[in-house]
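Data block below; observations after.
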Amino acid sequence: MKFLNGGISGIYFNSDKTKNEKLYELDIDDIINIFNQIGRDYPVSSTMILDSKTGEYTVYHDDAAEIVGSLLEFYFNLKKLTLLAITTHNKQDNRLEEIQEQLARFREIKSPEIRSFCDFLLAYAKGKKAEEMKNDIDDSDWEIFEKIRKDFQ
C-alpha cells in the first residue's frame, strides 16, 4: 500500500508471471472508479471457457454468455441426442417426443448451424435417410454424426 497524509493513496501489485520483472501502481482514485464501475454493473449471467493451450479464461457476459452456455450445453448433449435419433430411426427405441422437446429447446440458440443440425436429427429420427440430407448440414456436423452412427453399430 501507498500512504499519503495518514491515508491510503494507492496500492502496489503484481502478478505471478511478472513478479520478478515489474511492480505496478494504482492510485486510490482509480481504485474507487473501478469499484464504482463494478458496483454499477449487473450482469445477468456469465460463462467462462478455459483455453487449454494458454491456461487463460475467456469470460462472456449476459447475452453472449447465454449463447455460449447454450452452445456448450448442446455440444455436451450432442452424442446423447444423436444416439436418441439413431435408435428411434432404427426403430430400436421410440423416444421421438423426447427428441422433439430437447431439439426444440436447442433450436432457440442463435446459431444457424445448430438449428440445421437439430432439424437434421429430428428428420432422421422420423425416418428420413441421412444421406438424403447430408447437404443440409455443415461438413463437420456430418462427420460428427457419421462417427457416432458408426460407433453405435
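In the C-alpha cells, chains take the letters A, B, ... in the order shown, each chain's residues start at 1, and ligands count up from 1 in the order shown.
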
Note to self: I'd like the contact shell of range 116-128 of chain A - 9 Å cut-off, only C-alpha atoms, skipping same-chain residues fewer than 3 positions apart - returned as a PyMOL selection string.
What the structure shows: chain A and resi 81-82+84-91+94-96+99-100+103-104+106-107+111-113+131-134+136-138+141-142+145

Residues near range 25-42 of chain A, anyone? I mean within 6 Å using only C-alpha atoms, not counting same-chain ones fewer than 3 positions away, as a compact mmCIF listing (two decimals) with C-alpha atoms, in the first residue's frame.
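Result file is part.txt:
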# COMPACT_ATOMS: atom_id res chain seq x y z
CA SER A 9 -3.18 6.91 -1.68
CA GLY A 10 -2.79 3.76 -3.77
CA ILE A 11 -1.56 0.20 -3.95
CA TYR A 12 1.34 -1.68 -5.48

Next item on the list: Can you work out which one of A:Lys147, A:Ser70, A:Asn135, A:Lys129 has the shortest atom-to-atom distance to Ile114 in chain A, counting only C-alpha atoms?
Entry: A:Ser70

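If you measure from each of A:Ser15, A:Gln102, A:Thr47, A:Asn20 to His61 in chain A using only C-alpha atoms, the closest one turns out to be A:Thr47.
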
Next item on the list: Go through range 28-133 of chain A and collect every residue that DSSP, computed from the backbone, puts in strand (DSSP E); the answer should be as a ChimeraX atom specification.
Entry: /A:46-50,57-61

Notebook entry, point to check: Which of range 57-95 of chain A counts as helix (DSSP H, G or I) under DSSP, as an NGL selection string please?
Noted result: :A and (62-89)

Note to self: Between A:Glu108, A:Asp151, A:Glu21, A:Glu146, which residue has the minimum interatomic distance to Glu66 in chain A, considering only C-alpha atoms?
What the structure shows: A:Glu108
